[in-house]
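Peer 1: What follows is a structure written as structure tokens; I'll ask about it next.
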Amino acid sequence: PVTAAAPRVARSTAEYRVLDAAHHLHPFSDMGTLNRTGSRVITRAEGVYLWDSEGHKIIDGMAGLWCVNVGHARKELAEAAYRQMLELPFYNTFFKTTHPPVIELSALLAEVTPPGFNHFFYCNSGSEGNDTVLRIVYQYWLVKGQPSKKYVISRTNGYHGSTIAGASLGGMGYMHEQMPSKVEHIVHIDQPYWYGNGGDLSPEAFSLNCARQLEAKILELGAENVAAFIGEPFQGAGGVIFPASTYWPEIERICRKYDILLCADEVIGGFGRTGEWFSHEYFGFQPDLLTMAKGLTSGYVPMGAVGLQDHVAAAIIENGEFNHGLTYSGHPVAAAVAVANLRLLREGGIVERVKTDIGPYFQKTLRAALADSPLVGDIAGTGLVAGIQLAQYKGDAQGLGRQRFANGGEVGTICRDFCFENDLVMRATGDRMLLSPPFVITHEEVDELVGKARRAIDLTAQRIGT
Ligand code: PMP
């Protein structure tokens, strides 16, 4: 039950802001501007709600950063961490050593991931997960006697993290601009963003064309030089971009034809967001490697993992030392929390509920509420994830003649600010508004979330005079 108790605050908001501005650098932020206005201080959370230091109750339409899937303040997870900290707070998994939580987690992951994923390597984040994917891919081809297979192909506007390798794999130009060099042998093809780039093609034809860019790129580089393709089954940070149904089967066909490893970055899509345990199951393809993080622990503690299909694992296992690892690979507290989280998701029927009940209800309610908004050009998504495209002109019934705003991002920012003022967390990527609420959201809370989203979009329409 959600209680509206006052937040436990030790300092005034003003004091927090002064200290925050004096000593804390925020990720992906313009610190000068932020320090002049001051951050919102979140002090407490429960279920789908957050409270700030001013006592505002805010509905969390983003599950933190797409991660708090079982909802905030679950005792089951807190207790798992507490028990584990008392029993064995830390031990490493290097040097011929292991421990029960990491063993239990690995066995459980083999059950909840699709067939053929039976081995898991651990890290602390999605970025490290994708670094790990690169290390595994290179080692795989070395072992296979094909060391020339070095190129990894990913997509523009994809997001794979903020380590140097993660940012290099990602296709975010604004991140690349701040790096003097990137990890070598990473090249990009276009993202399957129909609303923006599909022109007069149908979504299916456009997605197929985008997938075929992979084949063209492989032929340009020479298949003997290409190691892997990596992509988010649906792009999250890039704007919740869902490719048409033609996309992934074609990508899979091309990877198999040219003997290229297919890597699915499931950092956002994993553990039930689409109603399937993994979003590649929703799109109907079978990757060789899986990157996981966020939903693995519902964000309660940091943890990432990489799943390896049996043929990939065999190459890593039978060929001497794999020279990669992190102090906290398989951290016992993180592993204990992940086990508790996965049990809740499975035995509590939480993932099943996303598929059969709350996911369909969310999609239906959102689409009905926004159907007549002049500002909404398109809604992408399934389960509990949605990307709402704000557009200058939505186009005809097929979306032909659709037109985005010329000043990309400005309208999204206005809308995001209205959300902020109205105690709703809805993220903006350019002019796409993103929602990804906790899985435990009730029908009434969906109504509240959608109502607030509609209001923010209406206020935006008024402001810009649509
Ligand atoms: N991959 C994807 C698809 C992501 O969305 C993210 C984070 N949003 C990452 C990787 C990086 O994860 P982290 O921030 O935990 O390093």
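FYI, nothing fancy with the structure tokens labels: chains A, B, ... in order, residues from 1 per chain, ligands from 1 as they appear.
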Within 7 Å of ligand 1, counting only C-alpha atoms and all ligand atoms, which protein or nucleic acid residues do you find, written as a CSV table (one decimal) with N, CA and C atoms, in the first residue's frame?
Peer 2:
chain,number,residue,atom,x,y,z
A,65,LEU,N,15.2,5.1,-14.0
A,65,LEU,CA,15.8,5.2,-15.4
A,65,LEU,C,15.5,3.9,-16.1
A,125,SER,N,27.0,-2.7,-14.7
A,125,SER,CA,26.1,-1.8,-15.5
A,125,SER,C,25.9,-2.3,-16.9
A,126,GLY,N,25.0,-1.6,-17.6
A,126,GLY,CA,24.8,-1.9,-19.0
A,126,GLY,C,26.0,-1.6,-19.8
A,127,SER,N,26.7,-0.5,-19.5
A,127,SER,CA,27.9,-0.1,-20.3
A,127,SER,C,29.0,-1.1,-20.2
A,128,GLU,N,29.2,-1.6,-18.9
A,128,GLU,CA,30.2,-2.6,-18.8
A,128,GLU,C,29.8,-3.9,-19.4
A,130,ASN,N,28.2,-4.1,-22.2
A,130,ASN,CA,28.5,-4.0,-23.7
A,130,ASN,C,30.0,-4.1,-23.9
A,159,TYR,N,21.7,3.4,-28.2
A,159,TYR,CA,22.4,3.7,-27.0
A,159,TYR,C,22.9,2.4,-26.4
A,160,HIS,N,24.3,2.4,-26.1
A,160,HIS,CA,24.8,1.2,-25.5
A,160,HIS,C,25.7,1.5,-24.3
A,161,GLY,N,25.6,2.7,-23.8
A,161,GLY,CA,26.3,3.1,-22.6
A,161,GLY,C,27.3,4.2,-22.7
A,162,SER,N,27.9,4.5,-21.6
A,162,SER,CA,28.8,5.7,-21.6
A,162,SER,C,30.2,5.5,-21.3
A,232,GLU,N,19.7,-2.6,-29.9
A,232,GLU,CA,18.6,-2.7,-28.9
A,232,GLU,C,17.4,-3.2,-29.7
A,235,GLN,N,14.8,0.7,-29.6
A,235,GLN,CA,15.7,1.7,-29.1
A,235,GLN,C,15.0,2.4,-27.9
A,236,GLY,N,15.7,2.5,-26.8
A,236,GLY,CA,15.1,3.1,-25.6
A,236,GLY,C,15.5,4.6,-25.6
A,237,ALA,N,16.7,4.9,-25.1
A,237,ALA,CA,17.1,6.3,-25.0
A,237,ALA,C,17.0,7.1,-26.3
A,265,ASP,N,21.0,-6.0,-27.1
A,265,ASP,CA,21.2,-5.2,-25.9
A,265,ASP,C,19.8,-5.1,-25.3
A,266,GLU,N,19.7,-5.9,-24.2
A,266,GLU,CA,18.4,-6.0,-23.5
A,266,GLU,C,18.4,-5.2,-22.2
A,267,VAL,N,19.2,-4.2,-22.1
A,267,VAL,CA,19.4,-3.5,-20.9
A,267,VAL,C,18.0,-2.8,-20.5
A,268,ILE,N,17.3,-2.3,-21.4
A,268,ILE,CA,15.9,-1.8,-21.1
A,268,ILE,C,14.9,-2.8,-21.4
A,293,ALA,N,21.0,-5.5,-17.6
A,293,ALA,CA,21.4,-4.7,-16.5
A,293,ALA,C,20.1,-4.2,-15.9
A,294,LYS,N,19.9,-2.9,-15.5
A,294,LYS,CA,18.7,-2.3,-15.0
A,294,LYS,C,17.7,-3.3,-14.4
Peer 1: Identify, on the basis of only C-alpha atoms, every residue whose closest approach to stretch 170-184 of chain A does not exceed 8 Å; exclude the query and any residue fewer than 2 positions from it along the same chain; express the result as a ChimeraX atom specification.
Peer 2: /A:154-161,164-168,186,188
Peer 1: Could you take the residues named above and write them with C-alpha atoms, as a tab-separated table (two decimals), in the first residue's frame?
Peer 2:
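The result, stored in result.tsv:
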chain	number	residue	atom	x	y	z
A	154	SER	CA	25.68	-0.94	-34.68
A	155	ARG	CA	23.22	1.87	-35.40
A	156	THR	CA	23.00	5.64	-35.39
A	157	ASN	CA	21.04	6.92	-32.39
A	158	GLY	CA	21.44	3.56	-30.65
A	159	TYR	CA	22.43	3.73	-26.98
A	160	HIS	CA	24.85	1.20	-25.53
A	161	GLY	CA	26.31	3.06	-22.56
A	164	ILE	CA	34.40	4.58	-24.12
A	165	ALA	CA	33.38	1.31	-25.75
A	166	GLY	CA	29.70	1.76	-24.89
A	167	ALA	CA	29.67	5.27	-26.34
A	168	SER	CA	31.58	4.09	-29.42
A	186	ILE	CA	32.95	-0.02	-34.85
A	188	HIS	CA	27.14	2.34	-37.84
Peer 1: Return as a tab-separated table the residues of stretch 267-343 of chain A lying at most 9 Å from stretch 132-144 of chain A, together with the closest atom-to-atom pair for each and the distance in Å to one decimal, counting only C-alpha atoms, with rows in chain order and ascending residue number.
Peer 2:
residue	atom	partner	partner_atom	distance
A:Leu289	CA	A:Val133	CA	7.2
A:Leu290	CA	A:Val133	CA	8.1
A:Thr291	CA	A:Val133	CA	7.3
A:Ala305	CA	A:Thr132	CA	8.6
A:Val306	CA	A:Val133	CA	6.9
A:Leu308	CA	A:Ile136	CA	8.9
A:Val312	CA	A:Tyr140	CA	6.6
A:Ala313	CA	A:Tyr140	CA	8.7
A:Ala315	CA	A:Tyr140	CA	5.9
A:Ile316	CA	A:Tyr140	CA	6.5
A:Asn319	CA	A:Val143	CA	6.9
A:Phe322	CA	A:Gln139	CA	7.7
A:Asn323	CA	A:Arg135	CA	8.7
A:His324	CA	A:Arg135	CA	7.5
A:Gly325	CA	A:Thr132	CA	8.6
Peer 1: Keeping only N, CA and C atoms, take the residues you just selected and write them out as a PDB file, in the first residue's frame.
Peer 2:
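After the write, out13.pdb holds the following:
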ATOM      1  N   LEU A 289      24.239 -13.294 -28.122  1.00  0.00           N
ATOM      2  CA  LEU A 289      24.657 -12.685 -26.853  1.00  0.00           C
ATOM      3  C   LEU A 289      23.574 -11.716 -26.390  1.00  0.00           C
ATOM      4  N   LEU A 290      23.407 -11.641 -25.083  1.00  0.00           N
ATOM      5  CA  LEU A 290      22.414 -10.755 -24.477  1.00  0.00           C
ATOM      6  C   LEU A 290      23.101  -9.840 -23.492  1.00  0.00           C
ATOM      7  N   THR A 291      22.875  -8.535 -23.588  1.00  0.00           N
ATOM      8  CA  THR A 291      23.344  -7.626 -22.537  1.00  0.00           C
ATOM      9  C   THR A 291      22.171  -7.327 -21.611  1.00  0.00           C
ATOM     10  N   ALA A 305      24.923  -8.003 -16.656  1.00  0.00           N
ATOM     11  CA  ALA A 305      25.321  -9.375 -16.992  1.00  0.00           C
ATOM     12  C   ALA A 305      25.289  -9.542 -18.498  1.00  0.00           C
ATOM     13  N   VAL A 306      26.050 -10.517 -18.966  1.00  0.00           N
ATOM     14  CA  VAL A 306      25.991 -10.899 -20.373  1.00  0.00           C
ATOM     15  C   VAL A 306      25.649 -12.379 -20.429  1.00  0.00           C
ATOM     16  N   LEU A 308      25.421 -15.806 -22.746  1.00  0.00           N
ATOM     17  CA  LEU A 308      26.082 -16.366 -23.929  1.00  0.00           C
ATOM     18  C   LEU A 308      25.335 -17.623 -24.387  1.00  0.00           C
ATOM     19  N   VAL A 312      28.720 -19.976 -28.094  1.00  0.00           N
ATOM     20  CA  VAL A 312      29.652 -18.893 -27.742  1.00  0.00           C
ATOM     21  C   VAL A 312      30.347 -19.244 -26.430  1.00  0.00           C
ATOM     22  N   ALA A 313      29.559 -19.721 -25.465  1.00  0.00           N
ATOM     23  CA  ALA A 313      30.138 -20.088 -24.165  1.00  0.00           C
ATOM     24  C   ALA A 313      31.205 -21.164 -24.334  1.00  0.00           C
ATOM     25  N   ALA A 315      33.186 -21.718 -26.760  1.00  0.00           N
ATOM     26  CA  ALA A 315      34.441 -21.148 -27.273  1.00  0.00           C
ATOM     27  C   ALA A 315      35.216 -20.444 -26.166  1.00  0.00           C
ATOM     28  N   ILE A 316      34.492 -19.793 -25.263  1.00  0.00           N
ATOM     29  CA  ILE A 316      35.157 -19.059 -24.185  1.00  0.00           C
ATOM     30  C   ILE A 316      35.677 -20.042 -23.137  1.00  0.00           C
ATOM     31  N   ASN A 319      39.057 -22.710 -24.046  1.00  0.00           N
ATOM     32  CA  ASN A 319      40.258 -22.205 -24.721  1.00  0.00           C
ATOM     33  C   ASN A 319      41.125 -21.305 -23.865  1.00  0.00           C
ATOM     34  N   PHE A 322      40.274 -16.265 -20.131  1.00  0.00           N
ATOM     35  CA  PHE A 322      39.588 -15.110 -20.723  1.00  0.00           C
ATOM     36  C   PHE A 322      39.986 -13.915 -19.874  1.00  0.00           C
ATOM     37  N   ASN A 323      40.743 -13.004 -20.447  1.00  0.00           N
ATOM     38  CA  ASN A 323      41.397 -11.948 -19.651  1.00  0.00           C
ATOM     39  C   ASN A 323      40.489 -10.739 -19.453  1.00  0.00           C
ATOM     40  N   HIS A 324      39.427 -10.957 -18.727  1.00  0.00           N
ATOM     41  CA  HIS A 324      38.468  -9.877 -18.484  1.00  0.00           C
ATOM     42  C   HIS A 324      37.791 -10.121 -17.147  1.00  0.00           C
ATOM     43  N   GLY A 325      37.540  -9.081 -16.371  1.00  0.00           N
ATOM     44  CA  GLY A 325      36.841  -9.246 -15.100  1.00  0.00           C
ATOM     45  C   GLY A 325      36.836  -7.951 -14.327  1.00  0.00           C
TER      46      GLY A 325
END
Peer 1: Residues of stretch 382-454 of chain A classed as strand (DSSP E) by DSSP on the backbone are to be reported as number ranges by chain.
Peer 2: A: 382, 385-390, 424-425, 427-429, 432-435
Peer 1: Generate a file of the selected residues that holds C-alpha atoms, formatted as a compact mmCIF listing (two decimals), in the first residue's frame.
Peer 2:
# COMPACT_ATOMS: atom_id res chain seq x y z
CA THR A 382 3.91 -2.44 -26.35
CA VAL A 385 6.83 1.13 -22.75
CA ALA A 386 5.74 3.89 -25.09
CA GLY A 387 7.24 6.62 -27.26
CA ILE A 388 4.90 9.49 -28.11
CA GLN A 389 5.97 11.44 -31.18
CA LEU A 390 5.05 15.12 -30.97
CA LEU A 424 4.77 13.54 -13.52
CA VAL A 425 8.06 12.01 -14.66
CA ARG A 427 11.13 11.82 -20.30
CA ALA A 428 11.76 13.70 -23.56
CA THR A 429 14.14 12.57 -26.30
CA ARG A 432 9.41 12.11 -28.44
CA MET A 433 7.92 11.75 -24.97
CA LEU A 434 8.79 8.48 -23.28
CA LEU A 435 6.97 6.39 -20.70
Peer 1: Find the residues near A:Val337: any atom within 12 Å, counting only C-alpha atoms, skip ones fewer than 5 places away on the same chain, and give them as number ranges by chain.
Peer 2: A: 70, 74-85, 101-102, 104-105, 295-303, 330-332, 342-344
Peer 1: Go ahead and write the residues just picked, N, CA and C atoms, as a compact mmCIF listing (two decimals), in the first residue's frame.
Peer 2:
# COMPACT_ATOMS: atom_id res chain seq x y z
N VAL A 70 9.96 -3.66 -10.38
CA VAL A 70 9.06 -4.20 -9.35
C VAL A 70 8.50 -3.10 -8.45
N ARG A 74 10.41 -2.20 -2.26
CA ARG A 74 9.96 -3.58 -2.01
C ARG A 74 10.80 -4.18 -0.88
N LYS A 75 10.13 -4.61 0.15
CA LYS A 75 10.83 -5.18 1.32
C LYS A 75 11.61 -6.44 0.94
N GLU A 76 11.05 -7.24 0.00
CA GLU A 76 11.70 -8.50 -0.37
C GLU A 76 13.14 -8.24 -0.84
N LEU A 77 13.32 -7.15 -1.57
CA LEU A 77 14.66 -6.86 -2.11
C LEU A 77 15.56 -6.27 -1.03
N ALA A 78 14.98 -5.41 -0.22
CA ALA A 78 15.76 -4.80 0.86
C ALA A 78 16.23 -5.88 1.84
N GLU A 79 15.35 -6.81 2.13
CA GLU A 79 15.72 -7.87 3.07
C GLU A 79 16.77 -8.81 2.48
N ALA A 80 16.66 -9.09 1.19
CA ALA A 80 17.67 -9.95 0.55
C ALA A 80 19.05 -9.28 0.66
N ALA A 81 19.10 -7.98 0.45
CA ALA A 81 20.39 -7.26 0.54
C ALA A 81 20.91 -7.28 1.98
N TYR A 82 20.01 -7.03 2.91
CA TYR A 82 20.40 -6.95 4.32
C TYR A 82 20.97 -8.30 4.81
N ARG A 83 20.22 -9.37 4.51
CA ARG A 83 20.67 -10.71 4.92
C ARG A 83 22.03 -11.03 4.31
N GLN A 84 22.19 -10.71 3.03
CA GLN A 84 23.43 -11.04 2.35
C GLN A 84 24.60 -10.21 2.90
N MET A 85 24.33 -8.97 3.26
CA MET A 85 25.40 -8.11 3.80
C MET A 85 25.89 -8.65 5.14
N PRO A 101 25.24 -16.89 -3.74
CA PRO A 101 24.33 -16.01 -4.49
C PRO A 101 24.60 -15.99 -6.00
N VAL A 102 25.87 -15.99 -6.39
CA VAL A 102 26.15 -15.92 -7.83
C VAL A 102 25.81 -17.24 -8.52
N GLU A 104 23.29 -19.28 -7.48
CA GLU A 104 21.82 -19.29 -7.57
C GLU A 104 21.35 -18.40 -8.71
N LEU A 105 21.96 -17.23 -8.81
CA LEU A 105 21.53 -16.28 -9.85
C LEU A 105 21.77 -16.86 -11.24
N GLY A 295 16.82 -3.92 -15.16
CA GLY A 295 15.75 -4.78 -14.63
C GLY A 295 16.25 -6.04 -13.96
N LEU A 296 17.53 -6.37 -14.11
CA LEU A 296 18.09 -7.55 -13.46
C LEU A 296 17.94 -7.46 -11.94
N THR A 297 18.16 -6.26 -11.40
CA THR A 297 17.99 -6.03 -9.96
C THR A 297 16.87 -5.03 -9.69
N SER A 298 16.09 -4.72 -10.71
CA SER A 298 15.12 -3.61 -10.63
C SER A 298 15.80 -2.33 -10.15
N GLY A 299 17.09 -2.20 -10.43
CA GLY A 299 17.80 -0.96 -10.09
C GLY A 299 18.11 -0.78 -8.62
N TYR A 300 17.78 -1.76 -7.77
CA TYR A 300 17.99 -1.57 -6.33
C TYR A 300 19.47 -1.51 -5.99
N VAL A 301 20.27 -2.28 -6.68
CA VAL A 301 21.73 -2.19 -6.59
C VAL A 301 22.27 -2.35 -8.01
N PRO A 302 23.46 -1.81 -8.27
CA PRO A 302 23.98 -1.92 -9.64
C PRO A 302 24.40 -3.34 -9.97
N MET A 303 23.98 -3.81 -11.13
CA MET A 303 24.47 -5.09 -11.63
C MET A 303 24.16 -5.20 -13.12
N GLY A 330 29.74 -10.39 -10.27
CA GLY A 330 28.98 -11.35 -9.45
C GLY A 330 28.92 -10.96 -7.99
N HIS A 331 28.94 -9.67 -7.69
CA HIS A 331 28.91 -9.19 -6.30
C HIS A 331 27.80 -9.92 -5.51
N PRO A 332 28.13 -10.47 -4.34
CA PRO A 332 27.12 -11.28 -3.63
C PRO A 332 25.86 -10.52 -3.26
N LEU A 342 14.17 -11.56 -9.44
CA LEU A 342 13.70 -12.48 -10.48
C LEU A 342 12.59 -13.38 -9.95
N ARG A 343 12.73 -13.77 -8.69
CA ARG A 343 11.67 -14.61 -8.10
C ARG A 343 10.36 -13.84 -8.01
N LEU A 344 10.46 -12.58 -7.60
CA LEU A 344 9.25 -11.74 -7.54
C LEU A 344 8.62 -11.62 -8.92
